[in-house]
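S.K.: PDB, C-alpha atoms, saved as target_17.pdb, coming up:
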ATOM      1  CA  MET A   1      82.399  98.705 117.733
ATOM      2  CA  THR A   2      82.826  99.781 114.100
ATOM      3  CA  GLN A   3      86.226 100.390 112.504
ATOM      4  CA  ASP A   4      85.564 104.135 112.575
ATOM      5  CA  GLU A   5      84.756 103.969 116.292
ATOM      6  CA  MET A   6      88.055 102.147 116.891
ATOM      7  CA  LYS A   7      89.875 104.871 114.947
ATOM      8  CA  LYS A   8      88.122 107.479 117.071
ATOM      9  CA  ALA A   9      89.178 105.715 120.292
ATOM     10  CA  ALA A  10      92.819 105.748 119.145
ATOM     11  CA  GLY A  11      92.660 109.388 118.016
ATOM     12  CA  TRP A  12      91.217 110.696 121.274
ATOM     13  CA  ALA A  13      93.609 108.590 123.383
ATOM     14  CA  ALA A  14      96.559 110.432 121.801
ATOM     15  CA  LEU A  15      95.511 113.625 123.609
ATOM     16  CA  LYS A  16      97.307 112.403 126.749
ATOM     17  CA  TYR A  17     100.651 113.021 124.978
ATOM     18  CA  VAL A  18      99.871 116.641 124.069
ATOM     19  CA  GLU A  19     101.548 119.070 126.446
ATOM     20  CA  GLU A  20     100.034 122.409 127.408
ATOM     21  CA  GLY A  21     101.443 125.323 125.429
ATOM     22  CA  SER A  22     103.035 123.084 122.809
ATOM     23  CA  ILE A  23     103.000 123.008 119.023
ATOM     24  CA  VAL A  24     101.745 119.593 117.907
ATOM     25  CA  GLY A  25     102.793 117.703 114.780
ATOM     26  CA  VAL A  26      99.686 116.466 112.985
ATOM     27  CA  GLY A  27      99.570 113.838 110.247
ATOM     28  CA  THR A  28      96.990 112.925 107.642
ATOM     29  CA  GLY A  29      94.156 110.450 107.226
ATOM     30  CA  SER A  30      90.893 109.157 108.642
ATOM     31  CA  THR A  31      92.273 108.219 112.071
ATOM     32  CA  VAL A  32      94.130 111.523 112.341
ATOM     33  CA  ASN A  33      90.899 113.377 111.567
ATOM     34  CA  HIS A  34      89.551 112.045 114.870
ATOM     35  CA  PHE A  35      92.713 113.275 116.616
ATOM     36  CA  ILE A  36      92.219 116.718 115.059
ATOM     37  CA  ASP A  37      88.667 116.755 116.429
ATOM     38  CA  ALA A  38      90.099 115.853 119.843
ATOM     39  CA  LEU A  39      92.731 118.588 119.523
ATOM     40  CA  GLY A  40      89.943 121.071 118.878
ATOM     41  CA  SER A  41      88.589 120.331 122.356
ATOM     42  CA  ILE A  42      91.819 121.641 123.937
ATOM     43  CA  LYS A  43      92.727 124.269 121.330
ATOM     44  CA  ASP A  44      92.953 127.017 123.957
ATOM     45  CA  ASP A  45      95.598 125.011 125.841
ATOM     46  CA  ILE A  46      98.027 124.571 122.923
ATOM     47  CA  LYS A  47     100.017 127.033 120.857
ATOM     48  CA  GLY A  48      99.123 125.410 117.528
ATOM     49  CA  ALA A  49     100.129 122.705 115.084
ATOM     50  CA  VAL A  50     102.464 121.819 112.233
ATOM     51  CA  SER A  51     100.554 119.895 109.569
ATOM     52  CA  SER A  52     101.704 117.302 107.040
ATOM     53  CA  SER A  53      99.062 118.025 104.395
ATOM     54  CA  ILE A  54      96.812 120.684 102.936
ATOM     55  CA  ALA A  55      93.754 118.636 103.964
ATOM     56  CA  SER A  56      94.833 118.477 107.618
ATOM     57  CA  THR A  57      95.767 122.172 107.600
ATOM     58  CA  GLU A  58      92.280 123.099 106.394
ATOM     59  CA  LYS A  59      90.638 120.944 109.096
ATOM     60  CA  LEU A  60      92.861 122.391 111.828
ATOM     61  CA  GLU A  61      92.219 125.981 110.752
ATOM     62  CA  ALA A  62      88.473 125.334 110.540
ATOM     63  CA  LEU A  63      88.600 124.402 114.233
ATOM     64  CA  GLY A  64      90.473 127.601 115.060
ATOM     65  CA  ILE A  65      93.886 125.981 115.597
ATOM     66  CA  GLU A  66      96.830 128.032 114.332
ATOM     67  CA  VAL A  67      99.007 126.145 111.823
ATOM     68  CA  PHE A  68     102.727 126.958 111.757
ATOM     69  CA  GLU A  69     105.111 126.466 108.855
ATOM     70  CA  CYS A  70     107.513 123.589 109.402
ATOM     71  CA  ASN A  71     110.467 125.863 108.598
ATOM     72  CA  ASP A  72     109.540 128.127 111.504
ATOM     73  CA  VAL A  73     109.653 125.340 114.109
ATOM     74  CA  SER A  74     112.942 123.723 115.159
ATOM     75  CA  MET A  75     111.513 120.840 117.203
ATOM     76  CA  LEU A  76     108.145 119.319 118.081
ATOM     77  CA  ASP A  77     107.464 117.383 121.277
ATOM     78  CA  VAL A  78     105.020 115.016 119.613
ATOM     79  CA  TYR A  79     103.891 114.028 116.144
ATOM     80  CA  VAL A  80     100.605 112.145 115.892
ATOM     81  CA  ASP A  81      99.888 110.219 112.704
ATOM     82  CA  GLY A  82      98.381 106.996 111.436
ATOM     83  CA  ALA A  83      99.857 104.164 109.378
ATOM     84  CA  ASP A  84      98.709 101.883 106.594
ATOM     85  CA  GLU A  85     100.675  99.011 108.157
ATOM     86  CA  ILE A  86     102.813  98.637 111.278
ATOM     87  CA  ASN A  87     104.945  95.651 112.323
ATOM     88  CA  PRO A  88     106.006  94.500 115.822
ATOM     89  CA  SER A  89     109.258  96.526 115.506
ATOM     90  CA  ARG A  90     107.115  99.649 114.916
ATOM     91  CA  ASP A  91     108.301 100.074 111.342
ATOM     92  CA  MET A  92     105.489 101.431 109.191
ATOM     93  CA  ILE A  93     104.182 101.764 105.666
ATOM     94  CA  LYS A  94     102.610 105.184 105.162
ATOM     95  CA  GLY A  95     101.461 107.205 102.185
ATOM     96  CA  GLY A  96      98.085 105.784 101.259
ATOM     97  CA  GLY A  97      96.901 109.395 101.372
ATOM     98  CA  ALA A  98      99.889 110.584  99.270
ATOM     99  CA  ALA A  99     101.300 112.817 102.053
ATOM    100  CA  LEU A 100     104.327 110.624 102.826
ATOM    101  CA  THR A 101     107.083 113.163 102.160
ATOM    102  CA  ARG A 102     105.623 115.882 104.350
ATOM    103  CA  GLU A 103     104.805 113.270 106.995
ATOM    104  CA  LYS A 104     108.421 112.116 107.005
ATOM    105  CA  ILE A 105     109.667 115.700 107.379
ATOM    106  CA  VAL A 106     107.377 116.427 110.338
ATOM    107  CA  ALA A 107     108.347 113.090 111.923
ATOM    108  CA  ALA A 108     112.025 114.022 111.553
ATOM    109  CA  ILE A 109     111.688 117.143 113.721
ATOM    110  CA  SER A 110     109.623 115.416 116.412
ATOM    111  CA  LYS A 111     110.939 114.009 119.680
ATOM    112  CA  LYS A 112     108.148 111.445 119.912
ATOM    113  CA  PHE A 113     106.124 109.770 117.149
ATOM    114  CA  ILE A 114     102.676 108.636 118.314
ATOM    115  CA  CYS A 115     101.196 106.190 115.812
ATOM    116  CA  ILE A 116      97.396 105.873 116.004
ATOM    117  CA  VAL A 117      95.799 102.931 114.192
ATOM    118  CA  ASP A 118      92.909 100.532 114.332
ATOM    119  CA  GLY A 119      93.677  96.854 114.822
ATOM    120  CA  THR A 120      93.520  95.998 111.106
ATOM    121  CA  LYS A 121      96.827  97.837 110.467
ATOM    122  CA  ALA A 122      99.017  95.507 112.583
ATOM    123  CA  VAL A 123     101.007  92.973 110.521
ATOM    124  CA  ASP A 124     103.934  90.612 111.083
ATOM    125  CA  VAL A 125     105.651  91.510 107.780
ATOM    126  CA  LEU A 126     105.180  94.774 105.889
ATOM    127  CA  GLY A 127     104.130  94.722 102.241
ATOM    128  CA  GLU A 128     100.563  93.455 101.954
ATOM    129  CA  PHE A 129      99.563  97.120 101.657
ATOM    130  CA  PRO A 130     101.148  98.491  98.455
ATOM    131  CA  LEU A 131     104.244 100.558  99.252
ATOM    132  CA  PRO A 132     103.891 104.189  98.085
ATOM    133  CA  VAL A 133     106.876 105.933  96.500
ATOM    134  CA  GLU A 134     106.753 109.671  95.690
ATOM    135  CA  VAL A 135     108.586 110.323  92.437
ATOM    136  CA  ILE A 136     109.479 113.388  90.368
ATOM    137  CA  PRO A 137     107.323 113.010  87.209
ATOM    138  CA  MET A 138     110.157 112.681  84.669
ATOM    139  CA  ALA A 139     111.672 109.803  86.658
ATOM    140  CA  ARG A 140     108.489 107.728  86.852
ATOM    141  CA  SER A 141     109.363 105.084  84.246
ATOM    142  CA  TYR A 142     113.003 104.763  85.339
ATOM    143  CA  VAL A 143     112.081 104.363  88.995
ATOM    144  CA  ALA A 144     109.388 101.824  88.096
ATOM    145  CA  ARG A 145     111.966  99.694  86.250
ATOM    146  CA  GLU A 146     114.309  99.828  89.248
ATOM    147  CA  LEU A 147     111.493  98.868  91.636
ATOM    148  CA  VAL A 148     110.857  95.750  89.522
ATOM    149  CA  LYS A 149     114.547  94.813  90.034
ATOM    150  CA  LEU A 150     113.959  95.110  93.792
ATOM    151  CA  GLY A 151     111.186  92.541  93.551
ATOM    152  CA  GLY A 152     108.143  94.791  93.362
ATOM    153  CA  ASP A 153     105.292  95.331  90.928
ATOM    154  CA  PRO A 154     104.878  99.117  90.670
ATOM    155  CA  ALA A 155     101.668 100.779  89.509
ATOM    156  CA  TYR A 156     101.249 104.462  88.682
ATOM    157  CA  ARG A 157      98.557 106.009  90.922
ATOM    158  CA  GLU A 158      96.697 107.734  88.118
ATOM    159  CA  GLY A 159      95.073 111.091  88.688
ATOM    160  CA  VAL A 160      97.007 111.744  91.905
ATOM    161  CA  VAL A 161      99.383 114.675  92.274
ATOM    162  CA  THR A 162     101.010 115.153  95.679
ATOM    163  CA  ASP A 163     100.986 118.451  97.581
ATOM    164  CA  ASN A 164     104.562 118.789  96.279
ATOM    165  CA  GLY A 165     103.548 118.400  92.602
ATOM    166  CA  ASN A 166     104.882 114.864  92.192
ATOM    167  CA  VAL A 167     103.419 111.446  91.333
ATOM    168  CA  ILE A 168     102.990 108.221  93.310
ATOM    169  CA  LEU A 169     104.044 104.705  92.384
ATOM    170  CA  ASP A 170     102.383 101.997  94.497
ATOM    171  CA  VAL A 171     104.563  98.899  94.753
ATOM    172  CA  TYR A 172     102.686  95.599  95.046
ATOM    173  CA  GLY A 173     103.914  92.115  95.869
ATOM    174  CA  MET A 174     106.742  92.942  98.286
ATOM    175  CA  LYS A 175     107.411  91.119 101.527
ATOM    176  CA  ILE A 176     109.570  93.658 103.363
ATOM    177  CA  THR A 177     111.563  91.661 105.911
ATOM    178  CA  ASP A 178     114.311  94.309 106.293
ATOM    179  CA  PRO A 179     112.506  97.661 106.169
ATOM    180  CA  LYS A 180     115.551  99.859 106.933
ATOM    181  CA  THR A 181     117.613  98.377 104.075
ATOM    182  CA  MET A 182     114.705  98.616 101.641
ATOM    183  CA  GLU A 183     114.070 102.217 102.703
ATOM    184  CA  ASP A 184     117.705 103.056 101.920
ATOM    185  CA  LYS A 185     117.684 101.264  98.546
ATOM    186  CA  ILE A 186     114.541 102.976  97.268
ATOM    187  CA  ASN A 187     115.489 106.414  98.618
ATOM    188  CA  ALA A 188     118.829 106.110  96.762
ATOM    189  CA  LEU A 189     117.131 105.898  93.346
ATOM    190  CA  ALA A 190     117.468 109.082  91.277
ATOM    191  CA  GLY A 191     114.132 110.851  91.076
ATOM    192  CA  VAL A 192     112.658 109.347  94.241
ATOM    193  CA  VAL A 193     111.530 112.059  96.640
ATOM    194  CA  THR A 194     110.856 109.547  99.405
ATOM    195  CA  VAL A 195     109.494 106.072 100.009
ATOM    196  CA  GLY A 196     106.610 105.405 102.396
ATOM    197  CA  LEU A 197     108.723 103.166 104.619
ATOM    198  CA  PHE A 198     109.104 104.672 108.080
ATOM    199  CA  ALA A 199     111.768 102.354 109.491
ATOM    200  CA  HIS A 200     114.699 104.648 110.311
ATOM    201  CA  ARG A 201     112.109 106.835 112.038
ATOM    202  CA  GLY A 202     109.600 104.373 113.386
ATOM    203  CA  ALA A 203     106.899 104.910 115.991
ATOM    204  CA  ASP A 204     107.784 105.543 119.649
ATOM    205  CA  VAL A 205     104.248 104.927 120.929
ATOM    206  CA  VAL A 206     101.518 102.854 119.284
ATOM    207  CA  ILE A 207      97.876 103.482 120.165
ATOM    208  CA  THR A 208      95.571 100.834 118.723
ATOM    209  CA  GLY A 209      91.823 101.219 118.624
ATOM    210  CA  THR A 210      90.206  97.916 119.600
ATOM    211  CA  PRO A 211      86.611  96.837 120.312
ATOM    212  CA  GLU A 212      87.488  97.243 124.017
ATOM    213  CA  GLY A 213      88.845 100.765 123.517
ATOM    214  CA  ALA A 214      92.337 102.221 122.983
ATOM    215  CA  LYS A 215      95.352 100.030 123.750
ATOM    216  CA  ILE A 216      98.578 101.993 124.373
ATOM    217  CA  GLU A 217     102.087 100.560 123.908
ATOM    218  CA  ASP A 218     104.816 103.033 124.863
TER
END
Would you put the structure from the file into structure tokens?
M.R.:
Amino acid sequence: MTQDEMKKAAGWAALKYVEEGSIVGVGTGSTVNHFIDALGSIKDDIKGAVSSSIASTEKLEALGIEVFECNDVSMLDVYVDGADEINPSRDMIKGGGAALTREKIVAAISKKFICIVDGTKAVDVLGEFPLPVEVIPMARSYVARELVKLGGDPAYREGVVTDNGNVILDVYGMKITDPKTMEDKINALAGVVTVGLFAHRGADVVITGTPEGAKIED
């Protein structure tokens, strides 16, 4: 089974958590694209979706799924999204697709976070994947200097502007043994919009695509 087939297995398995008549939180990325395809197969049974990115919104609307503004929805039953890394405590690094801030907002209004990944994303310690930090442009150099003090090696993701009009610093060389504390430290820096550590709001359910099919841990 190819990596894409494992992603597809995880994406389709997440359908079991979608309740009839509900509005579904939808993330961003290659694994989520398979979930969006799956959601299209039951589009007449759901009310619609709240999306974390312009790209996901366009894919949802192309399938005929109504997309609601986050401000118009007080609570979501489920939010389905991928991760760039996930540890045994279900803390995650997210933001490889530069949608981390919107993903964190949608996660915050969701009762249950369903993380869909392929087996390559599971790690013992977060940090092998560079940690994305969304930064207001004028703060880029200051925040980069502060990230060096925290033990990281930040690199400006050139040519990338987030859906919110900001820039991304990718932090290399960090072994993140205490994700919640690191999330707090980076979020406290002036000019940081958010860091791609999802530790205070980790995953509730992990669906991993494997060569044998989807493995669910809830």
S.K.: Ranking A:Val193, A:Gly165, A:Glu61, A:Glu128 by minimum distance to Thr177 (chain A) and counting all atoms listed in the file, which one comes first?
M.R.: A:Glu128
S.K.: Could you tell me how far CA of Lys59 (chain A) sits from CA of Val117 (chain A), in Å to one decimal place?
M.R.: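 Here the two named atoms are 19.4 Å from each other.
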S.K.: Where does the PyMOL selection byres ((chain A and resi 163) around 8) land in this file, that is, which residues does it pick, as a list in words?
M.R.: Ser53, Ile54, Ala99, Val161, Thr162, Asn164, Gly165 and Asn166 of chain A
S.K.: Do you know which residues the PyMOL selection byres ((chain A and resi 126) around 9) returns on this file, as a PDB file with C-alpha atoms, in the frame of the given file?
M.R.:
ATOM      1  CA  GLU A  85     100.675  99.011 108.157  1.00  0.00           C
ATOM      2  CA  ILE A  86     102.813  98.637 111.278  1.00  0.00           C
ATOM      3  CA  ASN A  87     104.945  95.651 112.323  1.00  0.00           C
ATOM      4  CA  ASP A  91     108.301 100.074 111.342  1.00  0.00           C
ATOM      5  CA  MET A  92     105.489 101.431 109.191  1.00  0.00           C
ATOM      6  CA  ILE A  93     104.182 101.764 105.666  1.00  0.00           C
ATOM      7  CA  VAL A 123     101.007  92.973 110.521  1.00  0.00           C
ATOM      8  CA  ASP A 124     103.934  90.612 111.083  1.00  0.00           C
ATOM      9  CA  VAL A 125     105.651  91.510 107.780  1.00  0.00           C
ATOM     10  CA  GLY A 127     104.130  94.722 102.241  1.00  0.00           C
ATOM     11  CA  GLU A 128     100.563  93.455 101.954  1.00  0.00           C
ATOM     12  CA  PHE A 129      99.563  97.120 101.657  1.00  0.00           C
ATOM     13  CA  LEU A 131     104.244 100.558  99.252  1.00  0.00           C
ATOM     14  CA  MET A 174     106.742  92.942  98.286  1.00  0.00           C
ATOM     15  CA  LYS A 175     107.411  91.119 101.527  1.00  0.00           C
ATOM     16  CA  ILE A 176     109.570  93.658 103.363  1.00  0.00           C
ATOM     17  CA  THR A 177     111.563  91.661 105.911  1.00  0.00           C
ATOM     18  CA  PRO A 179     112.506  97.661 106.169  1.00  0.00           C
TER      19      PRO A 179
END
S.K.: Find the spatial neighbours of region 6-16 of chain A, counting all atoms listed in the file, within a cut-off of 10 Å - ignore same-chain residues fewer than 4 positions away - and output them as a PyMOL selection string.
M.R.: chain A and resi 1-2+30-39+41-42+78-82+114-119+205-216
S.K.: Spell out the residues picked by the PyMOL selection byres ((chain A and resi 141-150) around 8) here, as a list in words.
M.R.: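 That expression, the PyMOL selection byres ((chain A and resi 141-150) around 8), corresponds here to Val135, Met138, Ala139, Arg140, Gly151, Gly152, Asp153, Pro154, Ala155, Leu169, Val171, Ile186, Leu189, Ala190, Gly191 and Val192 of chain A.
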S.K.: Hey, which of A:Gly196, A:Gly95, A:Pro88, A:Gly21 ends up closest to Asp45 (chain A)? Count all atoms listed in the file.
M.R.: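 The shortest atom-to-atom distance to Asp45 (chain A) comes from A:Gly21.
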S.K.: With distances taken over all atoms listed in the file, which of A:Gly64, A:Gly96, A:Gly202, A:Gly159 is nearest to Lys112 (chain A)?
M.R.: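 Comparing A:Gly64, A:Gly96, A:Gly202, A:Gly159 against Lys112 (chain A), the winner is A:Gly202.
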S.K.: Can you put all heavy atoms back into region 41-52 of chain A and show it as a compact mmCIF listing (two decimals), in the frame of the given file?
M.R.:
# COMPACT_ATOMS: atom_id res chain seq x y z
N SER A 41 89.20 120.21 121.02
CA SER A 41 88.59 120.33 122.36
C SER A 41 89.54 120.97 123.36
O SER A 41 89.11 121.40 124.43
CB SER A 41 88.14 118.95 122.85
OG SER A 41 89.25 118.14 123.20
N ILE A 42 90.84 121.02 123.03
CA ILE A 42 91.82 121.64 123.94
C ILE A 42 92.59 122.75 123.23
O ILE A 42 93.71 123.10 123.63
CB ILE A 42 92.81 120.59 124.51
CG1 ILE A 42 93.60 119.90 123.40
CG2 ILE A 42 92.09 119.57 125.37
CD1 ILE A 42 94.86 119.19 123.88
N LYS A 43 91.99 123.31 122.17
CA LYS A 43 92.73 124.27 121.33
C LYS A 43 93.22 125.49 122.10
O LYS A 43 94.25 126.07 121.74
CB LYS A 43 91.87 124.71 120.14
CG LYS A 43 90.62 125.48 120.51
CD LYS A 43 89.81 125.80 119.26
CE LYS A 43 88.54 126.54 119.61
NZ LYS A 43 87.70 126.75 118.43
N ASP A 44 92.53 125.85 123.18
CA ASP A 44 92.95 127.02 123.96
C ASP A 44 94.15 126.70 124.85
O ASP A 44 94.77 127.62 125.40
CB ASP A 44 91.79 127.53 124.81
CG ASP A 44 90.64 128.07 123.96
OD1 ASP A 44 90.92 128.53 122.83
OD2 ASP A 44 89.48 128.00 124.40
N ASP A 45 94.48 125.42 124.98
CA ASP A 45 95.60 125.01 125.84
C ASP A 45 96.89 124.77 125.07
O ASP A 45 97.93 124.54 125.66
CB ASP A 45 95.24 123.72 126.60
CG ASP A 45 94.02 123.91 127.50
OD1 ASP A 45 93.84 125.03 128.02
OD2 ASP A 45 93.26 122.96 127.65
N ILE A 46 96.82 124.80 123.73
CA ILE A 46 98.03 124.57 122.92
C ILE A 46 98.35 125.82 122.11
O ILE A 46 97.50 126.69 121.92
CB ILE A 46 97.86 123.36 121.98
CG1 ILE A 46 96.69 123.57 121.01
CG2 ILE A 46 97.68 122.06 122.78
CD1 ILE A 46 96.62 122.54 119.90
N LYS A 47 99.59 125.88 121.65
CA LYS A 47 100.02 127.03 120.86
C LYS A 47 99.55 126.88 119.41
O LYS A 47 99.24 127.86 118.74
CB LYS A 47 101.54 127.14 120.92
CG LYS A 47 102.09 128.46 120.42
CD LYS A 47 103.58 128.57 120.73
CE LYS A 47 104.15 129.84 120.13
NZ LYS A 47 105.63 129.91 120.29
N GLY A 48 99.53 125.64 118.91
CA GLY A 48 99.12 125.41 117.53
C GLY A 48 99.64 124.09 117.03
O GLY A 48 99.96 123.18 117.81
N ALA A 49 99.74 123.97 115.69
CA ALA A 49 100.13 122.70 115.08
C ALA A 49 101.03 122.94 113.88
O ALA A 49 101.04 124.02 113.29
CB ALA A 49 98.88 121.92 114.66
N VAL A 50 101.79 121.91 113.53
CA VAL A 50 102.46 121.82 112.23
C VAL A 50 101.80 120.65 111.51
O VAL A 50 101.67 119.56 112.07
CB VAL A 50 103.97 121.58 112.38
CG1 VAL A 50 104.60 121.22 111.04
CG2 VAL A 50 104.66 122.81 112.95
N SER A 51 101.36 120.88 110.29
CA SER A 51 100.55 119.90 109.57
C SER A 51 101.33 119.27 108.41
O SER A 51 102.16 119.92 107.78
CB SER A 51 99.30 120.59 109.04
OG SER A 51 98.65 119.80 108.07
N SER A 52 101.00 118.00 108.11
CA SER A 52 101.70 117.30 107.04
C SER A 52 100.95 117.34 105.71
O SER A 52 101.43 116.77 104.72
CB SER A 52 101.94 115.84 107.44
OG SER A 52 100.72 115.14 107.47
